[in-house]
Amino acid sequence: MPILEVKNLKKSFDNTGVLDDISFSMEEGQVVTIIGSSGSGKTTLLRCLNFLETPDEGIIKVRDDVLFDSRDPGTCSEAERRRKRLHFGLVFQSFNLFPQYTALENITLAPSLLAKEDGSIDASGIRNRAVRLLEQMGLSDRMGNYPHELSGGQQQRVAIARALALDPDILCFDEPTSALDPELTGEVLKVILSLAEKNTTMIIVTHEMSFAHDVSDEIIFMDKGIIAEQGTPEEVIDNPKNERTIQFLSNYNKGNA
Amino acid sequence: MFATVTLTLFGGFLQTIKLFLLTLLFSLPLGLLICFGSMSNVRMIKVPVRFVIWVIRGTPLMLQLLVMYYGPGIILGVNIWGSGDTGRFVAALVAFVINYSCYFSEIYRGGIQSIPVGQYEAGEVLGMTRSQIFFKIVLLQVIKRIVPPVSNEIITLVKDTSLARVIAVYEIIWEGQSFIKSAGIIWPLFYTGVFYLLFSGLLTLLFGRIEKRLSYFR
């Protein structure tokens, strides 16, 4: 059974279609990378999955759980949304760490609030887990630092740990290295690669083609709100069939030839 | 003579401080309410609130004091403020509270709207509620940003309290001026300036400390 199923997703802003009938599915432990030019709808797709945007039409299903169905208003309510969105984690292009909290506090904040609601107060458990995640990110010496004391790459790694702390079924990345200078890109990509090796289910929007090639089980090429081509990295990146894909990748493939 | 003047001025200064503190006590929270009103998605709330802010910020505080004190008596035919010193003080306080809450509301609005939308979205995707996002993430960042403009406004308030004299609230300048008539001396008037300077100096130190306390993050 697929871990995620997206069916006929449509979304437009002010009558401009951004997503036009998107359908795809993925299996647990898979890494799917979405590539395409700016304005092709990649980010909007991720934002729909994370309920930052409400799709106009379509179905989003995680395992057997229908998270969103445009024909069933019950799935669209605000209160329902909060718990459902926890199936997904999102790492932003601009990190969006909370500046008044330390690296460690950034990670423990949301789990602590959720635990309080559930009536289970396991502060030390939450803290230990956050410490382990930061160690995994190679940031054990940065736990007490505030975001402005960290480099962009370190901030993004804290943001990844923060998203992982809630155990999402699917972790989404929205151009995680686009705000970083080239020197810092590598350390973030390395962390994502190591997550892939641990079979973390991930959807990644990126412009880093060779990284996409290495990390992905499947590549989706989006163009003008539709999935223009989809397949393994070898199929889509090395031997694209679609004319738009060929055009989009021409610079990258020229450099590699 | 010096002791008499000091004592009289101090009495006036107590009125000034009382008006100052009570104005802050009511206008700081009322400003937040007005701020939410001015940012409301409901036109029926937003439009009238913005209209009131426009009127209050667009007319002199002195005019508002006069209208507040004399208006009800002349227009409605009832003196809602009661008689004597207390009545005048309450009228002045109400006028100050309305005026300053409108100014504070605009400072709050600027502070809230300056927080990047990414902060809200990060909270949302972590399953936080709207109120958790406001109180645990946004609020402290807003406070940090509005401390300088709010402290500016508060120091202005210290000096604006002297306007209350137009409806005969006996604040410190009123008392200082009384010596011109009664004793033919002007230095008590200069002396009142010392009170203002000391008090605003104290406030400046206080706000400096608050800014420093919040400087651990950016």
# chains A, B, ... in the order shown; residues from 1 in each chain; ligands from 1
call {"tool": "interface_residues", "arguments": {"of": "chain A", "to": "chain B", "cutoff": "10 Å", "atoms": "only C-alpha atoms", "output": "PyMOL selection string"}}
result
chain A and resi 47+50-52+78-79+81-102+107+109-111+113-114+145-149+159+162-163+165-166+168
call {"tool": "select_by_dssp", "arguments": {"residues": "range 8-141 of chain A", "states": "strand (DSSP E or B)", "output": "number ranges by chain"}}
result
A: 8-13, 16-26, 31-35, 57-62, 65-69, 88-91
call {"tool": "residues_around", "arguments": {"residues": "range 171-174 of chain B", "least_positions_apart": "4", "cutoff": "10 Å", "atoms": "only C-alpha atoms", "output": "ChimeraX atom specification"}}
result
/B:8-19,89,161-166,178-179,188-193,195-196
call {"tool": "residues_around", "arguments": {"residues": "range 48-53 of chain B", "least_positions_apart": "4", "cutoff": "6 Å", "atoms": "only C-alpha atoms", "output": "compact mmCIF listing (two decimals) with N, CA and C atoms, in the first residue's frame"}}
result
# COMPACT_ATOMS: atom_id res chain seq x y z
N SER B 38 -8.38 47.01 14.16
CA SER B 38 -7.95 47.67 12.92
C SER B 38 -7.38 46.66 11.92
N ARG B 57 -5.90 60.60 15.88
CA ARG B 57 -4.51 60.97 15.54
C ARG B 57 -4.46 62.26 14.73
N CYS B 102 -4.89 54.78 20.75
CA CYS B 102 -4.87 54.80 19.29
C CYS B 102 -3.43 54.82 18.76
call {"tool": "residues_around", "arguments": {"residues": "Gln64 in chain B", "least_positions_apart": "5", "cutoff": "12 Å", "atoms": "only C-alpha atoms", "output": "ChimeraX atom specification"}}
result
/B:55-59,69-71,91-100,163-164,166-167
call {"tool": "write_last_selection", "arguments": {"atoms": "N, CA, C and O atoms", "output": "short mmCIF file (atom, residue, chain, number, x, y, z; two decimals), in the first residue's frame"}}
result
data_model
loop_
_atom_site.label_atom_id
_atom_site.label_comp_id
_atom_site.auth_asym_id
_atom_site.auth_seq_id
_atom_site.Cartn_x
_atom_site.Cartn_y
_atom_site.Cartn_z
N VAL B 55 -9.42 60.00 13.33
CA VAL B 55 -9.89 61.22 14.01
C VAL B 55 -8.98 61.56 15.20
O VAL B 55 -8.55 62.70 15.36
N ILE B 56 -8.68 60.54 16.00
CA ILE B 56 -7.91 60.79 17.22
C ILE B 56 -6.48 61.23 16.89
O ILE B 56 -5.92 62.12 17.52
N ARG B 57 -5.90 60.60 15.88
CA ARG B 57 -4.51 60.97 15.54
C ARG B 57 -4.46 62.26 14.73
O ARG B 57 -3.43 62.91 14.65
N GLY B 58 -5.61 62.59 14.12
CA GLY B 58 -5.62 63.73 13.22
C GLY B 58 -6.04 65.04 13.88
O GLY B 58 -6.04 66.08 13.23
N THR B 59 -6.43 65.01 15.17
CA THR B 59 -6.82 66.24 15.84
C THR B 59 -5.95 66.45 17.09
O THR B 59 -5.42 65.49 17.63
N TYR B 69 -14.27 67.08 28.13
CA TYR B 69 -14.75 67.62 29.40
C TYR B 69 -16.05 68.39 29.25
O TYR B 69 -17.00 68.19 29.99
N TYR B 70 -16.11 69.28 28.25
CA TYR B 70 -17.29 70.14 28.12
C TYR B 70 -18.38 69.51 27.27
O TYR B 70 -19.55 69.84 27.45
N GLY B 71 -17.98 68.63 26.34
CA GLY B 71 -18.93 68.07 25.38
C GLY B 71 -20.17 67.46 26.01
O GLY B 71 -21.30 67.90 25.71
N ALA B 91 -12.10 63.12 33.44
CA ALA B 91 -12.29 63.51 32.04
C ALA B 91 -10.95 63.55 31.31
O ALA B 91 -10.82 63.04 30.18
N ALA B 92 -9.95 64.14 31.96
CA ALA B 92 -8.62 64.20 31.35
C ALA B 92 -8.07 62.80 31.12
O ALA B 92 -7.54 62.49 30.04
N LEU B 93 -8.23 61.94 32.13
CA LEU B 93 -7.73 60.57 32.01
C LEU B 93 -8.37 59.85 30.82
O LEU B 93 -7.67 59.23 30.01
N VAL B 94 -9.68 59.98 30.69
CA VAL B 94 -10.38 59.30 29.59
C VAL B 94 -9.85 59.80 28.24
O VAL B 94 -9.57 59.02 27.33
N ALA B 95 -9.69 61.11 28.12
CA ALA B 95 -9.18 61.67 26.86
C ALA B 95 -7.77 61.15 26.57
O ALA B 95 -7.46 60.76 25.43
N PHE B 96 -6.91 61.11 27.58
CA PHE B 96 -5.55 60.61 27.39
C PHE B 96 -5.55 59.13 27.00
O PHE B 96 -4.79 58.71 26.13
N VAL B 97 -6.40 58.34 27.68
CA VAL B 97 -6.42 56.90 27.40
C VAL B 97 -6.83 56.66 25.95
O VAL B 97 -6.19 55.88 25.23
N ILE B 98 -7.88 57.35 25.51
CA ILE B 98 -8.34 57.15 24.13
C ILE B 98 -7.24 57.57 23.15
O ILE B 98 -6.90 56.84 22.22
N ASN B 99 -6.66 58.73 23.39
CA ASN B 99 -5.63 59.23 22.48
C ASN B 99 -4.44 58.28 22.42
O ASN B 99 -4.00 57.87 21.33
N TYR B 100 -3.93 57.89 23.58
CA TYR B 100 -2.71 57.08 23.56
C TYR B 100 -2.97 55.65 23.11
O TYR B 100 -2.11 55.04 22.48
N LEU B 163 -0.86 69.09 29.25
CA LEU B 163 -2.00 69.64 28.53
C LEU B 163 -3.28 69.59 29.37
O LEU B 163 -4.23 70.33 29.10
N ALA B 164 -3.29 68.73 30.39
CA ALA B 164 -4.50 68.57 31.19
C ALA B 164 -4.89 69.87 31.88
O ALA B 164 -6.03 70.03 32.31
N VAL B 166 -5.60 72.58 30.59
CA VAL B 166 -6.64 73.34 29.89
C VAL B 166 -8.02 73.06 30.48
O VAL B 166 -8.94 73.84 30.29
N ILE B 167 -8.18 71.94 31.17
CA ILE B 167 -9.43 71.76 31.90
C ILE B 167 -9.15 71.80 33.40
O ILE B 167 -9.83 71.15 34.20
#
call {"tool": "residues_around", "arguments": {"residues": "range 103-115 of chain B", "least_positions_apart": "6", "cutoff": "6 Å", "atoms": "only C-alpha atoms", "output": "JSON, numbers by chain"}}
result
{"B": [31, 32, 34, 35, 142, 146]}
call {"tool": "select_by_dssp", "arguments": {"residues": "range 78-179 of chain B", "states": "alpha helix (DSSP H)", "output": "NGL selection string"}}
result
:B and (84-113 or 117-125 or 130-132 or 139-160 or 172-179)
call {"tool": "residues_around", "arguments": {"residues": "range 137-144 of chain A", "least_positions_apart": "6", "cutoff": "7 Å", "atoms": "only C-alpha atoms", "output": "ChimeraX atom specification"}}
result
/A:102-104,157,191
call {"tool": "atom_distance", "arguments": {"atom1": "CA of Thr108 in chain A", "atom2": "CA of Ile143 in chain B"}}
result
22.7 Å
call {"tool": "closest_residue", "arguments": {"among": "B:Ile185, B:Ile210, B:Leu197, B:Leu28", "to": "Lys159 in chain B", "atoms": "only C-alpha atoms"}}
result
B:Leu197
call {"tool": "atom_distance", "arguments": {"atom1": "CA of Gln177 in chain B", "atom2": "CA of Val67 in chain B"}}
result
24.3 Å
call {"tool": "closest_residue", "arguments": {"among": "A:Glu208, A:Asp21, A:Glu135, A:Asp223", "to": "Ile237 in chain A", "atoms": "only C-alpha atoms"}}
result
A:Glu208
call {"tool": "decode", "arguments": {"residues": "range 120-250 of chain A", "atoms": "C-alpha atoms", "output": "PDB file, in the first residue's frame"}}
result
ATOM      1  CA  SER A 120       1.596  13.286  29.092  1.00  0.00           C
ATOM      2  CA  ILE A 121       4.371  15.380  30.520  1.00  0.00           C
ATOM      3  CA  ASP A 122       7.617  13.735  29.533  1.00  0.00           C
ATOM      4  CA  ALA A 123       9.921  16.721  29.406  1.00  0.00           C
ATOM      5  CA  SER A 124      13.126  14.723  29.756  1.00  0.00           C
ATOM      6  CA  GLY A 125      12.082  12.270  27.048  1.00  0.00           C
ATOM      7  CA  ILE A 126      11.391  15.107  24.619  1.00  0.00           C
ATOM      8  CA  ARG A 127      14.664  16.775  25.518  1.00  0.00           C
ATOM      9  CA  ASN A 128      16.696  13.589  25.120  1.00  0.00           C
ATOM     10  CA  ARG A 129      15.212  12.983  21.731  1.00  0.00           C
ATOM     11  CA  ALA A 130      16.013  16.542  20.636  1.00  0.00           C
ATOM     12  CA  VAL A 131      19.585  16.110  21.855  1.00  0.00           C
ATOM     13  CA  ARG A 132      19.915  12.884  19.863  1.00  0.00           C
ATOM     14  CA  LEU A 133      18.541  14.560  16.734  1.00  0.00           C
ATOM     15  CA  LEU A 134      20.988  17.440  17.034  1.00  0.00           C
ATOM     16  CA  GLU A 135      23.839  14.972  17.480  1.00  0.00           C
ATOM     17  CA  GLN A 136      22.647  13.185  14.366  1.00  0.00           C
ATOM     18  CA  MET A 137      22.798  16.556  12.552  1.00  0.00           C
ATOM     19  CA  GLY A 138      26.368  17.064  13.779  1.00  0.00           C
ATOM     20  CA  LEU A 139      25.357  19.951  16.013  1.00  0.00           C
ATOM     21  CA  SER A 140      26.004  18.605  19.509  1.00  0.00           C
ATOM     22  CA  ASP A 141      28.143  21.645  20.319  1.00  0.00           C
ATOM     23  CA  ARG A 142      25.493  24.095  19.141  1.00  0.00           C
ATOM     24  CA  MET A 143      22.471  23.118  21.229  1.00  0.00           C
ATOM     25  CA  GLY A 144      22.466  26.227  23.404  1.00  0.00           C
ATOM     26  CA  ASN A 145      23.049  28.663  20.566  1.00  0.00           C
ATOM     27  CA  TYR A 146      20.421  31.038  19.242  1.00  0.00           C
ATOM     28  CA  PRO A 147      19.655  30.954  15.504  1.00  0.00           C
ATOM     29  CA  HIS A 148      21.495  34.233  14.779  1.00  0.00           C
ATOM     30  CA  GLU A 149      24.651  32.669  16.181  1.00  0.00           C
ATOM     31  CA  LEU A 150      24.475  29.815  13.658  1.00  0.00           C
ATOM     32  CA  SER A 151      25.492  29.689  10.009  1.00  0.00           C
ATOM     33  CA  GLY A 152      22.807  29.154   7.393  1.00  0.00           C
ATOM     34  CA  GLY A 153      23.755  25.520   7.002  1.00  0.00           C
ATOM     35  CA  GLN A 154      23.598  24.962  10.746  1.00  0.00           C
ATOM     36  CA  GLN A 155      20.238  26.716  10.930  1.00  0.00           C
ATOM     37  CA  GLN A 156      18.856  24.511   8.203  1.00  0.00           C
ATOM     38  CA  ARG A 157      20.103  21.400   9.998  1.00  0.00           C
ATOM     39  CA  VAL A 158      18.342  22.556  13.175  1.00  0.00           C
ATOM     40  CA  ALA A 159      15.210  23.059  11.075  1.00  0.00           C
ATOM     41  CA  ILE A 160      15.505  19.492   9.780  1.00  0.00           C
ATOM     42  CA  ALA A 161      15.859  18.189  13.327  1.00  0.00           C
ATOM     43  CA  ARG A 162      12.848  20.262  14.351  1.00  0.00           C
ATOM     44  CA  ALA A 163      10.725  18.688  11.623  1.00  0.00           C
ATOM     45  CA  LEU A 164      11.963  15.173  12.491  1.00  0.00           C
ATOM     46  CA  ALA A 165      11.131  15.627  16.179  1.00  0.00           C
ATOM     47  CA  LEU A 166       7.430  15.180  15.437  1.00  0.00           C
ATOM     48  CA  ASP A 167       8.009  11.876  13.604  1.00  0.00           C
ATOM     49  CA  PRO A 168       6.290  12.805  10.358  1.00  0.00           C
ATOM     50  CA  ASP A 169       5.394  10.000   7.961  1.00  0.00           C
ATOM     51  CA  ILE A 170       6.701  12.083   5.098  1.00  0.00           C
ATOM     52  CA  LEU A 171       9.321  14.789   5.358  1.00  0.00           C
ATOM     53  CA  CYS A 172       9.103  17.548   2.745  1.00  0.00           C
ATOM     54  CA  PHE A 173      11.892  19.880   1.719  1.00  0.00           C
ATOM     55  CA  ASP A 174      11.161  23.112  -0.120  1.00  0.00           C
ATOM     56  CA  GLU A 175      14.414  24.068  -1.878  1.00  0.00           C
ATOM     57  CA  PRO A 176      16.375  23.458   1.340  1.00  0.00           C
ATOM     58  CA  THR A 177      19.659  24.786  -0.004  1.00  0.00           C
ATOM     59  CA  SER A 178      18.490  27.685  -2.178  1.00  0.00           C
ATOM     60  CA  ALA A 179      19.152  30.278   0.542  1.00  0.00           C
ATOM     61  CA  LEU A 180      22.645  28.930   1.250  1.00  0.00           C
ATOM     62  CA  ASP A 181      25.905  29.836  -0.362  1.00  0.00           C
ATOM     63  CA  PRO A 182      27.596  26.953  -2.195  1.00  0.00           C
ATOM     64  CA  GLU A 183      30.014  26.250   0.643  1.00  0.00           C
ATOM     65  CA  LEU A 184      27.167  25.480   3.038  1.00  0.00           C
ATOM     66  CA  THR A 185      24.998  23.561   0.590  1.00  0.00           C
ATOM     67  CA  GLY A 186      27.022  20.379   0.948  1.00  0.00           C
ATOM     68  CA  GLU A 187      26.561  19.939   4.684  1.00  0.00           C
ATOM     69  CA  VAL A 188      22.777  20.127   4.336  1.00  0.00           C
ATOM     70  CA  LEU A 189      22.657  17.759   1.359  1.00  0.00           C
ATOM     71  CA  LYS A 190      24.816  15.299   3.266  1.00  0.00           C
ATOM     72  CA  VAL A 191      22.313  15.255   6.124  1.00  0.00           C
ATOM     73  CA  ILE A 192      19.446  14.636   3.695  1.00  0.00           C
ATOM     74  CA  LEU A 193      21.415  11.818   2.047  1.00  0.00           C
ATOM     75  CA  SER A 194      22.003  10.193   5.430  1.00  0.00           C
ATOM     76  CA  LEU A 195      18.265  10.384   6.128  1.00  0.00           C
ATOM     77  CA  ALA A 196      17.614   8.672   2.805  1.00  0.00           C
ATOM     78  CA  GLU A 197      19.987   5.889   3.804  1.00  0.00           C
ATOM     79  CA  LYS A 198      17.854   5.380   6.928  1.00  0.00           C
ATOM     80  CA  ASN A 199      14.810   4.972   4.672  1.00  0.00           C
ATOM     81  CA  THR A 200      13.143   8.232   5.665  1.00  0.00           C
ATOM     82  CA  THR A 201      10.220   8.887   3.334  1.00  0.00           C
ATOM     83  CA  MET A 202      10.911  12.242   1.721  1.00  0.00           C
ATOM     84  CA  ILE A 203       9.625  14.600  -0.950  1.00  0.00           C
ATOM     85  CA  ILE A 204      12.269  17.064  -2.032  1.00  0.00           C
ATOM     86  CA  VAL A 205      11.903  20.151  -4.189  1.00  0.00           C
ATOM     87  CA  THR A 206      15.349  21.157  -5.374  1.00  0.00           C
ATOM     88  CA  HIS A 207      17.400  22.660  -8.172  1.00  0.00           C
ATOM     89  CA  GLU A 208      20.472  20.575  -7.235  1.00  0.00           C
ATOM     90  CA  MET A 209      20.336  18.093 -10.130  1.00  0.00           C
ATOM     91  CA  SER A 210      23.252  15.846  -9.263  1.00  0.00           C
ATOM     92  CA  PHE A 211      21.989  15.630  -5.684  1.00  0.00           C
ATOM     93  CA  ALA A 212      18.511  14.777  -6.984  1.00  0.00           C
ATOM     94  CA  HIS A 213      20.099  12.091  -9.155  1.00  0.00           C
ATOM     95  CA  ASP A 214      21.910  10.521  -6.201  1.00  0.00           C
ATOM     96  CA  VAL A 215      19.246  10.695  -3.516  1.00  0.00           C
ATOM     97  CA  SER A 216      16.030   9.914  -5.394  1.00  0.00           C
ATOM     98  CA  ASP A 217      14.136   6.741  -6.108  1.00  0.00           C
ATOM     99  CA  GLU A 218      11.841   8.712  -8.331  1.00  0.00           C
ATOM    100  CA  ILE A 219      11.967  12.054 -10.109  1.00  0.00           C
ATOM    101  CA  ILE A 220       8.932  14.123 -10.981  1.00  0.00           C
ATOM    102  CA  PHE A 221       9.406  16.874 -13.556  1.00  0.00           C
ATOM    103  CA  MET A 222       6.740  19.537 -13.258  1.00  0.00           C
ATOM    104  CA  ASP A 223       5.901  22.049 -15.949  1.00  0.00           C
ATOM    105  CA  LYS A 224       3.078  24.621 -15.859  1.00  0.00           C
ATOM    106  CA  GLY A 225       1.213  22.852 -13.097  1.00  0.00           C
ATOM    107  CA  ILE A 226       1.279  19.351 -14.513  1.00  0.00           C
ATOM    108  CA  ILE A 227       3.582  16.362 -14.130  1.00  0.00           C
ATOM    109  CA  ALA A 228       5.317  16.365 -17.504  1.00  0.00           C
ATOM    110  CA  GLU A 229       7.585  13.414 -16.850  1.00  0.00           C
ATOM    111  CA  GLN A 230       8.083  10.928 -14.064  1.00  0.00           C
ATOM    112  CA  GLY A 231      10.442   8.017 -13.514  1.00  0.00           C
ATOM    113  CA  THR A 232      13.750   6.894 -12.055  1.00  0.00           C
ATOM    114  CA  PRO A 233      16.647   9.399 -12.034  1.00  0.00           C
ATOM    115  CA  GLU A 234      18.191   7.421 -14.919  1.00  0.00           C
ATOM    116  CA  GLU A 235      15.025   7.800 -16.959  1.00  0.00           C
ATOM    117  CA  VAL A 236      14.151  11.418 -16.243  1.00  0.00           C
ATOM    118  CA  ILE A 237      17.519  13.079 -15.686  1.00  0.00           C
ATOM    119  CA  ASP A 238      19.828  10.986 -17.894  1.00  0.00           C
ATOM    120  CA  ASN A 239      17.395  10.139 -20.701  1.00  0.00           C
ATOM    121  CA  PRO A 240      14.515  12.597 -20.658  1.00  0.00           C
ATOM    122  CA  LYS A 241      11.777  11.957 -23.240  1.00  0.00           C
ATOM    123  CA  ASN A 242       9.581  14.987 -22.821  1.00  0.00           C
ATOM    124  CA  GLU A 243      10.629  18.023 -24.835  1.00  0.00           C
ATOM    125  CA  ARG A 244      10.278  20.413 -21.876  1.00  0.00           C
ATOM    126  CA  THR A 245      12.346  18.095 -19.673  1.00  0.00           C
ATOM    127  CA  ILE A 246      15.072  17.921 -22.289  1.00  0.00           C
ATOM    128  CA  GLN A 247      15.085  21.693 -22.539  1.00  0.00           C
ATOM    129  CA  PHE A 248      15.074  22.171 -18.743  1.00  0.00           C
ATOM    130  CA  LEU A 249      17.931  19.725 -18.215  1.00  0.00           C
ATOM    131  CA  SER A 250      19.961  20.736 -21.250  1.00  0.00           C
TER     132      SER A 250
END
